[in-house]
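As stored in data10.tsv (TSV, N, CA and C atoms):
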```
chain	number	residue	atom	x	y	z
A	1	ARG	N	-22.69	-1.47	-8.33
A	1	ARG	CA	-21.66	-0.55	-7.90
A	1	ARG	C	-20.29	-1.19	-7.93
A	2	SER	N	-20.23	-2.45	-7.58
A	2	SER	CA	-18.93	-3.13	-7.50
A	2	SER	C	-18.38	-3.39	-8.89
A	3	LYS	N	-17.08	-3.29	-9.01
A	3	LYS	CA	-16.41	-3.60	-10.27
A	3	LYS	C	-16.25	-5.12	-10.33
A	4	LEU	N	-17.13	-5.76	-11.07
A	4	LEU	CA	-17.10	-7.21	-11.21
A	4	LEU	C	-17.10	-7.58	-12.68
A	5	THR	N	-16.62	-8.77	-12.96
A	5	THR	CA	-16.81	-9.35	-14.28
A	5	THR	C	-18.02	-10.28	-14.20
A	6	VAL	N	-18.51	-10.72	-15.33
A	6	VAL	CA	-19.62	-11.68	-15.31
A	6	VAL	C	-19.18	-12.96	-14.61
A	7	ASP	N	-17.93	-13.37	-14.82
A	7	ASP	CA	-17.43	-14.57	-14.13
A	7	ASP	C	-17.43	-14.38	-12.61
A	8	ASP	N	-17.06	-13.18	-12.15
A	8	ASP	CA	-17.11	-12.89	-10.71
A	8	ASP	C	-18.55	-13.01	-10.20
A	9	LEU	N	-19.46	-12.44	-10.94
A	9	LEU	CA	-20.87	-12.47	-10.55
A	9	LEU	C	-21.39	-13.90	-10.49
A	10	VAL	N	-21.08	-14.68	-11.51
A	10	VAL	CA	-21.52	-16.08	-11.53
A	10	VAL	C	-20.90	-16.84	-10.36
A	11	GLY	N	-19.64	-16.57	-10.07
A	11	GLY	CA	-18.99	-17.22	-8.94
A	11	GLY	C	-19.67	-16.92	-7.61
A	12	ARG	N	-20.21	-15.70	-7.50
A	12	ARG	CA	-20.91	-15.32	-6.27
A	12	ARG	C	-22.28	-15.97	-6.14
A	13	ILE	N	-22.98	-16.13	-7.26
A	13	ILE	CA	-24.36	-16.63	-7.17
A	13	ILE	C	-24.47	-18.15	-7.32
A	14	LYS	N	-23.52	-18.77	-7.99
A	14	LYS	CA	-23.66	-20.20	-8.28
A	14	LYS	C	-23.81	-21.07	-7.03
A	15	PRO	N	-23.11	-20.79	-5.94
A	15	PRO	CA	-23.29	-21.63	-4.75
A	15	PRO	C	-24.73	-21.63	-4.21
A	16	PHE	N	-25.51	-20.64	-4.57
A	16	PHE	CA	-26.88	-20.53	-4.08
A	16	PHE	C	-27.91	-21.09	-5.06
A	17	LEU	N	-27.44	-21.52	-6.22
A	17	LEU	CA	-28.34	-22.07	-7.24
A	17	LEU	C	-28.33	-23.59	-7.16
A	18	LYS	N	-29.44	-24.17	-7.52
A	18	LYS	CA	-29.54	-25.63	-7.51
A	18	LYS	C	-29.49	-26.12	-8.95
A	19	VAL	N	-28.28	-26.09	-9.52
A	19	VAL	CA	-28.08	-26.52	-10.89
A	19	VAL	C	-27.62	-27.98	-10.86
A	20	THR	N	-28.44	-28.84	-11.44
A	20	THR	CA	-28.08	-30.26	-11.48
A	20	THR	C	-27.10	-30.52	-12.62
A	21	ALA	N	-26.50	-31.68	-12.61
A	21	ALA	CA	-25.57	-32.05	-13.68
A	21	ALA	C	-26.25	-31.98	-15.04
A	22	GLU	N	-27.51	-32.36	-15.09
A	22	GLU	CA	-28.26	-32.32	-16.35
A	22	GLU	C	-28.53	-30.89	-16.82
A	23	GLN	N	-28.51	-29.96	-15.89
A	23	GLN	CA	-28.82	-28.55	-16.21
A	23	GLN	C	-27.58	-27.71	-16.50
A	24	GLU	N	-26.40	-28.28	-16.33
A	24	GLU	CA	-25.16	-27.50	-16.50
A	24	GLU	C	-25.07	-26.87	-17.89
A	25	LYS	N	-25.46	-27.59	-18.93
A	25	LYS	CA	-25.39	-27.05	-20.29
A	25	LYS	C	-26.34	-25.84	-20.43
A	26	LEU	N	-27.55	-25.97	-19.88
A	26	LEU	CA	-28.51	-24.86	-19.92
A	26	LEU	C	-27.99	-23.67	-19.11
A	27	PHE	N	-27.38	-23.97	-17.98
A	27	PHE	CA	-26.84	-22.90	-17.14
A	27	PHE	C	-25.72	-22.16	-17.89
A	28	ALA	N	-24.88	-22.89	-18.58
A	28	ALA	CA	-23.80	-22.27	-19.36
A	28	ALA	C	-24.38	-21.37	-20.45
A	29	GLN	N	-25.46	-21.79	-21.08
A	29	GLN	CA	-26.13	-20.97	-22.10
A	29	GLN	C	-26.72	-19.71	-21.45
A	30	PHE	N	-27.30	-19.87	-20.28
A	30	PHE	CA	-27.85	-18.73	-19.55
A	30	PHE	C	-26.75	-17.72	-19.22
A	31	VAL	N	-25.63	-18.21	-18.72
A	31	VAL	CA	-24.52	-17.34	-18.32
A	31	VAL	C	-24.00	-16.55	-19.52
A	32	LYS	N	-24.02	-17.12	-20.70
A	32	LYS	CA	-23.56	-16.40	-21.90
A	32	LYS	C	-24.43	-15.18	-22.19
A	33	GLN	N	-25.64	-15.15	-21.67
A	33	GLN	CA	-26.55	-14.03	-21.90
A	33	GLN	C	-26.41	-12.92	-20.85
A	34	LEU	N	-25.66	-13.17	-19.79
A	34	LEU	CA	-25.53	-12.19	-18.71
A	34	LEU	C	-24.60	-11.05	-19.10
A	35	ARG	N	-24.94	-9.87	-18.65
A	35	ARG	CA	-24.10	-8.69	-18.82
A	35	ARG	C	-24.05	-7.98	-17.47
A	36	TYR	N	-22.96	-7.28	-17.22
A	36	TYR	CA	-22.82	-6.56	-15.97
A	36	TYR	C	-22.21	-5.20	-16.25
A	37	PHE	N	-22.78	-4.18	-15.65
A	37	PHE	CA	-22.27	-2.82	-15.80
A	37	PHE	C	-22.21	-2.19	-14.42
A	38	ALA	N	-21.04	-1.74	-14.02
A	38	ALA	CA	-20.88	-1.13	-12.70
A	38	ALA	C	-21.03	0.39	-12.79
A	39	GLY	N	-21.67	0.96	-11.79
A	39	GLY	CA	-21.82	2.41	-11.73
A	39	GLY	C	-22.31	2.83	-10.35
A	40	SER	N	-22.35	4.13	-10.16
A	40	SER	CA	-22.83	4.65	-8.88
A	40	SER	C	-24.34	4.82	-8.90
A	41	TYR	N	-24.93	4.95	-7.74
A	41	TYR	CA	-26.37	5.12	-7.62
A	41	TYR	C	-26.85	6.52	-8.03
A	42	ASP	N	-25.98	7.51	-7.84
A	42	ASP	CA	-26.45	8.89	-7.94
A	42	ASP	C	-25.82	9.73	-9.04
A	43	LYS	N	-24.99	9.16	-9.88
A	43	LYS	CA	-24.34	9.93	-10.95
A	43	LYS	C	-25.01	9.65	-12.29
A	44	VAL	N	-25.65	10.65	-12.84
A	44	VAL	CA	-26.36	10.48	-14.11
A	44	VAL	C	-25.39	10.05	-15.21
A	45	GLU	N	-24.12	10.45	-15.09
A	45	GLU	CA	-23.12	10.07	-16.09
A	45	GLU	C	-22.96	8.54	-16.16
A	46	ASP	N	-23.03	7.88	-15.01
A	46	ASP	CA	-22.94	6.42	-14.99
A	46	ASP	C	-24.15	5.80	-15.67
A	47	PHE	N	-25.31	6.39	-15.49
A	47	PHE	CA	-26.51	5.87	-16.14
A	47	PHE	C	-26.49	6.15	-17.64
A	48	GLN	N	-25.87	7.25	-18.05
A	48	GLN	CA	-25.69	7.51	-19.47
A	48	GLN	C	-24.76	6.45	-20.07
A	49	GLY	N	-23.74	6.08	-19.31
A	49	GLY	CA	-22.85	4.99	-19.75
A	49	GLY	C	-23.59	3.68	-19.85
A	50	LEU	N	-24.47	3.42	-18.89
A	50	LEU	CA	-25.30	2.21	-18.93
A	50	LEU	C	-26.18	2.22	-20.17
A	51	ASP	N	-26.77	3.36	-20.48
A	51	ASP	CA	-27.61	3.46	-21.67
A	51	ASP	C	-26.82	3.16	-22.93
A	52	LYS	N	-25.62	3.70	-23.04
A	52	LYS	CA	-24.77	3.40	-24.21
A	52	LYS	C	-24.46	1.92	-24.30
A	53	TYR	N	-24.15	1.32	-23.17
A	53	TYR	CA	-23.82	-0.10	-23.12
A	53	TYR	C	-25.03	-0.95	-23.55
A	54	VAL	N	-26.19	-0.63	-23.01
A	54	VAL	CA	-27.40	-1.39	-23.33
A	54	VAL	C	-27.81	-1.15	-24.78
A	55	THR	N	-27.68	0.07	-25.25
A	55	THR	CA	-28.03	0.38	-26.64
A	55	THR	C	-27.16	-0.42	-27.59
A	56	LYS	N	-25.88	-0.55	-27.27
A	56	LYS	CA	-24.98	-1.37	-28.10
A	56	LYS	C	-25.48	-2.81	-28.15
A	57	GLU	N	-25.89	-3.34	-27.02
A	57	GLU	CA	-26.43	-4.70	-26.96
A	57	GLU	C	-27.75	-4.80	-27.72
A	58	ASP	N	-28.59	-3.77	-27.61
A	58	ASP	CA	-29.89	-3.75	-28.32
A	58	ASP	C	-29.69	-3.82	-29.82
A	59	ASN	N	-28.65	-3.19	-30.32
A	59	ASN	CA	-28.44	-3.10	-31.75
A	59	ASN	C	-28.00	-4.41	-32.39
A	60	THR	N	-27.85	-5.45	-31.60
A	60	THR	CA	-27.50	-6.75	-32.18
A	60	THR	C	-28.69	-7.38	-32.89
A	61	ILE	N	-29.89	-6.87	-32.67
A	61	ILE	CA	-31.10	-7.36	-33.34
A	61	ILE	C	-31.78	-6.16	-34.01
A	62	PRO	N	-31.34	-5.80	-35.21
A	62	PRO	CA	-31.90	-4.61	-35.86
A	62	PRO	C	-33.41	-4.74	-36.11
A	63	GLY	N	-34.09	-3.61	-35.98
A	63	GLY	CA	-35.52	-3.55	-36.29
A	63	GLY	C	-36.45	-4.00	-35.19
A	64	LYS	N	-35.93	-4.60	-34.15
A	64	LYS	CA	-36.79	-5.03	-33.04
A	64	LYS	C	-36.92	-3.89	-32.03
A	65	PRO	N	-38.11	-3.73	-31.45
A	65	PRO	CA	-38.25	-2.70	-30.42
A	65	PRO	C	-37.39	-3.04	-29.21
A	66	THR	N	-36.94	-2.01	-28.55
A	66	THR	CA	-36.10	-2.17	-27.37
A	66	THR	C	-36.97	-2.18	-26.14
A	67	ASN	N	-37.03	-3.31	-25.47
A	67	ASN	CA	-37.74	-3.43	-24.20
A	67	ASN	C	-36.70	-3.52	-23.10
A	68	ARG	N	-36.90	-2.75	-22.06
A	68	ARG	CA	-35.93	-2.74	-20.96
A	68	ARG	C	-36.61	-3.01	-19.63
A	69	ILE	N	-36.00	-3.93	-18.90
A	69	ILE	CA	-36.46	-4.25	-17.55
A	69	ILE	C	-35.29	-4.00	-16.62
A	70	PHE	N	-35.51	-3.16	-15.63
A	70	PHE	CA	-34.50	-2.83	-14.64
A	70	PHE	C	-34.92	-3.48	-13.32
A	71	TYR	N	-34.09	-4.40	-12.84
A	71	TYR	CA	-34.37	-5.11	-11.60
A	71	TYR	C	-33.51	-4.49	-10.51
A	72	LEU	N	-34.15	-3.89	-9.51
A	72	LEU	CA	-33.43	-3.20	-8.46
A	72	LEU	C	-33.43	-3.99	-7.16
A	73	ALA	N	-32.27	-4.45	-6.78
A	73	ALA	CA	-32.07	-5.08	-5.48
A	73	ALA	C	-31.16	-4.13	-4.71
A	74	LEU	N	-31.76	-3.06	-4.24
A	74	LEU	CA	-31.01	-1.95	-3.66
A	74	LEU	C	-31.60	-1.54	-2.32
A	75	PRO	N	-30.83	-0.82	-1.51
A	75	PRO	CA	-31.39	-0.28	-0.28
A	75	PRO	C	-32.46	0.78	-0.61
A	76	PRO	N	-33.53	0.83	0.15
A	76	PRO	CA	-34.60	1.80	-0.11
A	76	PRO	C	-34.11	3.25	-0.18
A	77	SER	N	-33.04	3.56	0.50
A	77	SER	CA	-32.54	4.94	0.50
A	77	SER	C	-32.07	5.42	-0.87
A	78	VAL	N	-31.84	4.50	-1.81
A	78	VAL	CA	-31.36	4.92	-3.13
A	78	VAL	C	-32.40	4.68	-4.24
A	79	PHE	N	-33.59	4.22	-3.89
A	79	PHE	CA	-34.63	4.00	-4.92
A	79	PHE	C	-34.88	5.27	-5.74
A	80	GLU	N	-35.05	6.39	-5.05
A	80	GLU	CA	-35.39	7.63	-5.76
A	80	GLU	C	-34.30	8.07	-6.74
A	81	PRO	N	-33.04	8.21	-6.31
A	81	PRO	CA	-32.03	8.65	-7.29
A	81	PRO	C	-31.83	7.65	-8.43
A	82	VAL	N	-31.91	6.37	-8.12
A	82	VAL	CA	-31.70	5.36	-9.16
A	82	VAL	C	-32.83	5.40	-10.18
A	83	THR	N	-34.08	5.40	-9.71
A	83	THR	CA	-35.19	5.42	-10.66
A	83	THR	C	-35.22	6.73	-11.45
A	84	LYS	N	-34.87	7.82	-10.82
A	84	LYS	CA	-34.81	9.11	-11.52
A	84	LYS	C	-33.75	9.05	-12.63
A	85	ASN	N	-32.59	8.52	-12.32
A	85	ASN	CA	-31.51	8.43	-13.31
A	85	ASN	C	-31.83	7.44	-14.42
A	86	ILE	N	-32.50	6.36	-14.08
A	86	ILE	CA	-32.94	5.43	-15.12
A	86	ILE	C	-33.88	6.14	-16.07
A	87	ARG	N	-34.86	6.83	-15.50
A	87	ARG	CA	-35.85	7.54	-16.34
A	87	ARG	C	-35.18	8.61	-17.19
A	88	GLU	N	-34.24	9.32	-16.61
A	88	GLU	CA	-33.58	10.42	-17.30
A	88	GLU	C	-32.61	9.95	-18.38
A	89	ALA	N	-31.89	8.86	-18.12
A	89	ALA	CA	-30.80	8.49	-19.01
A	89	ALA	C	-30.97	7.17	-19.76
A	90	CYS	N	-31.84	6.28	-19.28
A	90	CYS	CA	-31.87	4.93	-19.84
A	90	CYS	C	-33.21	4.51	-20.43
A	91	TRP	N	-34.20	5.36	-20.38
A	91	TRP	CA	-35.55	5.01	-20.85
A	91	TRP	C	-35.53	4.83	-22.36
A	92	THR	N	-36.14	3.77	-22.84
A	92	THR	CA	-36.23	3.55	-24.28
A	92	THR	C	-37.54	4.12	-24.82
A	93	ALA	N	-37.49	4.62	-26.02
A	93	ALA	CA	-38.69	5.15	-26.67
A	93	ALA	C	-39.29	4.15	-27.64
A	94	SER	N	-38.54	3.08	-27.95
A	94	SER	CA	-39.01	2.16	-28.99
A	94	SER	C	-39.68	0.90	-28.46
A	95	GLY	N	-39.80	0.75	-27.17
A	95	GLY	CA	-40.43	-0.44	-26.60
A	95	GLY	C	-40.98	-0.10	-25.23
A	96	PHE	N	-41.11	-1.12	-24.37
A	96	PHE	CA	-41.60	-0.85	-23.04
A	96	PHE	C	-40.45	-0.77	-22.04
A	97	ASN	N	-40.71	-0.12	-20.93
A	97	ASN	CA	-39.78	0.00	-19.82
A	97	ASN	C	-40.47	-0.49	-18.56
A	98	ARG	N	-39.74	-1.23	-17.74
A	98	ARG	CA	-40.28	-1.70	-16.46
A	98	ARG	C	-39.18	-1.58	-15.41
A	99	ILE	N	-39.59	-1.19	-14.23
A	99	ILE	CA	-38.66	-1.20	-13.08
A	99	ILE	C	-39.27	-2.12	-12.05
A	100	ILE	N	-38.49	-3.11	-11.66
A	100	ILE	CA	-38.91	-4.07	-10.65
A	100	ILE	C	-38.09	-3.80	-9.39
A	101	VAL	N	-38.76	-3.60	-8.29
A	101	VAL	CA	-38.09	-3.35	-7.02
A	101	VAL	C	-38.22	-4.59	-6.15
A	102	GLU	N	-37.09	-5.09	-5.71
A	102	GLU	CA	-37.08	-6.29	-4.86
A	102	GLU	C	-37.49	-5.93	-3.46
```
Representation of the structure as structure tokens:
Amino acid sequence: RSKLTVDDLVGRIKPFLKVTAEQEKLFAQFVKQLRYFAGSYDKVEDFQGLDKYVTKEDNTIPGKPTNRIFYLALPPSVFEPVTKNIREACWTASGFNRIIVE
């Protein structure tokens, strides 16, 4: 929901990670793979935007099936609208879909 950049996100999580000096290069490679998309929990239009964003990223590897994993670290009160909007707007037909609830 929050308007963040990937750098903002990394800045928030890095203090909680145990990245050693030897792992810094691997961590930098990991961070290059991160993407962030802000949206509301209950607006299908935001999930349609997420689908467009993810589809653009998927198209960087032509011919491969699109597998999507949605990791939800959300309050239980929004599980239903979020999962409904994911199913309605973001489900892929060319690979598998998974929703993980924290």
I need the residue nearest Leu72 in chain A from this list: A:Ile86, A:Ala28, A:Val101, A:Leu4. Use all atoms listed in the file for the distance.
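Checking each candidate against Leu72 in chain A, we get A:Val101 as the closest.
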From the options A:Val78, A:Cys90, A:Asn97, A:Gly39, which residue's atoms come nearest to Pro65 in chain A, counting only C-alpha atoms?
A:Asn97
In Å, how far is it from atom C of Leu26 in chain A to atom N of Arg12 in chain A?
16.1 Å
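The space separating atom C of Phe79 in chain A from atom N of Val10 in chain A comes to 24.9 Å.
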In Å, with one decimal, what is the gap from CA of Phe37 in chain A to CA of Ser94 in chain A?
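Result for CA of Phe37 in chain A versus CA of Ser94 in chain A: 21.9 Å, one decimal.
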Neighbours of Asn67 in chain A within 9 Å (only C-alpha atoms; same-chain residues fewer than 5 positions away dropped), as a ChimeraX atom specification?
/A:58,92-98
Create the file for the chosen residues now, containing N, CA and C atoms and written as a PDB file, in the coordinates of the input.
```pdb
ATOM      1  N   ASP A  58     -28.590  -3.770 -27.610  1.00  0.00           N
ATOM      2  CA  ASP A  58     -29.890  -3.750 -28.320  1.00  0.00           C
ATOM      3  C   ASP A  58     -29.690  -3.820 -29.820  1.00  0.00           C
ATOM      4  N   THR A  92     -36.140   3.770 -22.840  1.00  0.00           N
ATOM      5  CA  THR A  92     -36.230   3.550 -24.280  1.00  0.00           C
ATOM      6  C   THR A  92     -37.540   4.120 -24.820  1.00  0.00           C
ATOM      7  N   ALA A  93     -37.490   4.620 -26.020  1.00  0.00           N
ATOM      8  CA  ALA A  93     -38.690   5.150 -26.670  1.00  0.00           C
ATOM      9  C   ALA A  93     -39.290   4.150 -27.640  1.00  0.00           C
ATOM     10  N   SER A  94     -38.540   3.080 -27.950  1.00  0.00           N
ATOM     11  CA  SER A  94     -39.010   2.160 -28.990  1.00  0.00           C
ATOM     12  C   SER A  94     -39.680   0.900 -28.460  1.00  0.00           C
ATOM     13  N   GLY A  95     -39.800   0.750 -27.170  1.00  0.00           N
ATOM     14  CA  GLY A  95     -40.430  -0.440 -26.600  1.00  0.00           C
ATOM     15  C   GLY A  95     -40.980  -0.100 -25.230  1.00  0.00           C
ATOM     16  N   PHE A  96     -41.110  -1.120 -24.370  1.00  0.00           N
ATOM     17  CA  PHE A  96     -41.600  -0.850 -23.040  1.00  0.00           C
ATOM     18  C   PHE A  96     -40.450  -0.770 -22.040  1.00  0.00           C
ATOM     19  N   ASN A  97     -40.710  -0.120 -20.930  1.00  0.00           N
ATOM     20  CA  ASN A  97     -39.780   0.000 -19.820  1.00  0.00           C
ATOM     21  C   ASN A  97     -40.470  -0.490 -18.560  1.00  0.00           C
ATOM     22  N   ARG A  98     -39.740  -1.230 -17.740  1.00  0.00           N
ATOM     23  CA  ARG A  98     -40.280  -1.700 -16.460  1.00  0.00           C
ATOM     24  C   ARG A  98     -39.180  -1.580 -15.410  1.00  0.00           C
TER      25      ARG A  98
END
```
Starting from the incomplete input, reconstruct all heavy atoms of range 36-47 of chain A and write that as a CSV table (one decimal), in the frame of the given file.
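Final file, part39.csv:
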```csv
chain,number,residue,atom,x,y,z
A,36,TYR,N,-23.0,-7.3,-17.2
A,36,TYR,CA,-22.8,-6.6,-16.0
A,36,TYR,C,-22.2,-5.2,-16.2
A,36,TYR,O,-21.2,-5.1,-17.0
A,36,TYR,CB,-21.9,-7.3,-15.0
A,36,TYR,CG,-21.8,-6.7,-13.6
A,36,TYR,CD1,-22.8,-6.9,-12.7
A,36,TYR,CD2,-20.8,-5.9,-13.3
A,36,TYR,CE1,-22.7,-6.3,-11.4
A,36,TYR,CE2,-20.7,-5.2,-12.1
A,36,TYR,CZ,-21.6,-5.5,-11.2
A,36,TYR,OH,-21.5,-4.9,-9.9
A,37,PHE,N,-22.8,-4.2,-15.6
A,37,PHE,CA,-22.3,-2.8,-15.8
A,37,PHE,C,-22.2,-2.2,-14.4
A,37,PHE,O,-23.2,-2.1,-13.7
A,37,PHE,CB,-23.2,-2.0,-16.7
A,37,PHE,CG,-22.7,-0.6,-17.0
A,37,PHE,CD1,-21.8,-0.4,-18.1
A,37,PHE,CD2,-23.0,0.4,-16.2
A,37,PHE,CE1,-21.4,0.9,-18.4
A,37,PHE,CE2,-22.6,1.7,-16.5
A,37,PHE,CZ,-21.7,1.9,-17.5
A,38,ALA,N,-21.0,-1.7,-14.0
A,38,ALA,CA,-20.9,-1.1,-12.7
A,38,ALA,C,-21.0,0.4,-12.8
A,38,ALA,O,-20.6,1.0,-13.8
A,38,ALA,CB,-19.5,-1.5,-12.1
A,39,GLY,N,-21.7,1.0,-11.8
A,39,GLY,CA,-21.8,2.4,-11.7
A,39,GLY,C,-22.3,2.8,-10.4
A,39,GLY,O,-22.6,2.0,-9.5
A,40,SER,N,-22.4,4.1,-10.2
A,40,SER,CA,-22.8,4.6,-8.9
A,40,SER,C,-24.3,4.8,-8.9
A,40,SER,O,-25.0,4.8,-10.0
A,40,SER,CB,-22.2,6.0,-8.6
A,40,SER,OG,-22.6,6.9,-9.5
A,41,TYR,N,-24.9,5.0,-7.7
A,41,TYR,CA,-26.4,5.1,-7.6
A,41,TYR,C,-26.8,6.5,-8.0
A,41,TYR,O,-28.0,6.7,-8.5
A,41,TYR,CB,-26.8,4.9,-6.2
A,41,TYR,CG,-26.6,3.5,-5.6
A,41,TYR,CD1,-26.2,3.3,-4.3
A,41,TYR,CD2,-26.9,2.4,-6.4
A,41,TYR,CE1,-26.1,2.1,-3.8
A,41,TYR,CE2,-26.7,1.1,-5.9
A,41,TYR,CZ,-26.3,1.0,-4.6
A,41,TYR,OH,-26.1,-0.3,-4.0
A,42,ASP,N,-26.0,7.5,-7.8
A,42,ASP,CA,-26.4,8.9,-7.9
A,42,ASP,C,-25.8,9.7,-9.0
A,42,ASP,O,-26.1,10.9,-9.2
A,42,ASP,CB,-26.3,9.6,-6.6
A,42,ASP,CG,-24.8,9.6,-6.1
A,42,ASP,OD1,-24.0,8.9,-6.8
A,42,ASP,OD2,-24.5,10.2,-5.1
A,43,LYS,N,-25.0,9.2,-9.9
A,43,LYS,CA,-24.3,9.9,-11.0
A,43,LYS,C,-25.0,9.6,-12.3
A,43,LYS,O,-24.9,8.5,-12.8
A,43,LYS,CB,-22.9,9.6,-11.0
A,43,LYS,CG,-22.1,10.1,-9.8
A,43,LYS,CD,-20.6,9.8,-10.0
A,43,LYS,CE,-19.9,10.2,-8.7
A,43,LYS,NZ,-18.5,9.7,-8.7
A,44,VAL,N,-25.6,10.6,-12.8
A,44,VAL,CA,-26.4,10.5,-14.1
A,44,VAL,C,-25.4,10.0,-15.2
A,44,VAL,O,-25.8,9.3,-16.1
A,44,VAL,CB,-27.2,11.7,-14.5
A,44,VAL,CG1,-26.3,12.9,-14.9
A,44,VAL,CG2,-28.2,11.4,-15.5
A,45,GLU,N,-24.1,10.4,-15.1
A,45,GLU,CA,-23.1,10.1,-16.1
A,45,GLU,C,-23.0,8.5,-16.2
A,45,GLU,O,-22.8,8.0,-17.2
A,45,GLU,CB,-21.8,10.7,-15.8
A,45,GLU,CG,-21.8,12.2,-15.8
A,45,GLU,CD,-22.2,12.8,-14.5
A,45,GLU,OE1,-22.4,12.2,-13.5
A,45,GLU,OE2,-22.5,14.1,-14.5
A,46,ASP,N,-23.0,7.9,-15.0
A,46,ASP,CA,-22.9,6.4,-15.0
A,46,ASP,C,-24.2,5.8,-15.7
A,46,ASP,O,-24.0,4.8,-16.4
A,46,ASP,CB,-22.8,5.9,-13.6
A,46,ASP,CG,-21.4,6.2,-13.0
A,46,ASP,OD1,-20.5,6.6,-13.7
A,46,ASP,OD2,-21.3,6.1,-11.8
A,47,PHE,N,-25.3,6.4,-15.5
A,47,PHE,CA,-26.5,5.9,-16.1
A,47,PHE,C,-26.5,6.2,-17.6
A,47,PHE,O,-27.0,5.4,-18.4
A,47,PHE,CB,-27.8,6.5,-15.5
A,47,PHE,CG,-28.0,5.8,-14.1
A,47,PHE,CD1,-27.4,6.3,-13.0
A,47,PHE,CD2,-28.9,4.7,-14.0
A,47,PHE,CE1,-27.6,5.8,-11.7
A,47,PHE,CE2,-29.1,4.2,-12.8
A,47,PHE,CZ,-28.5,4.7,-11.6
```
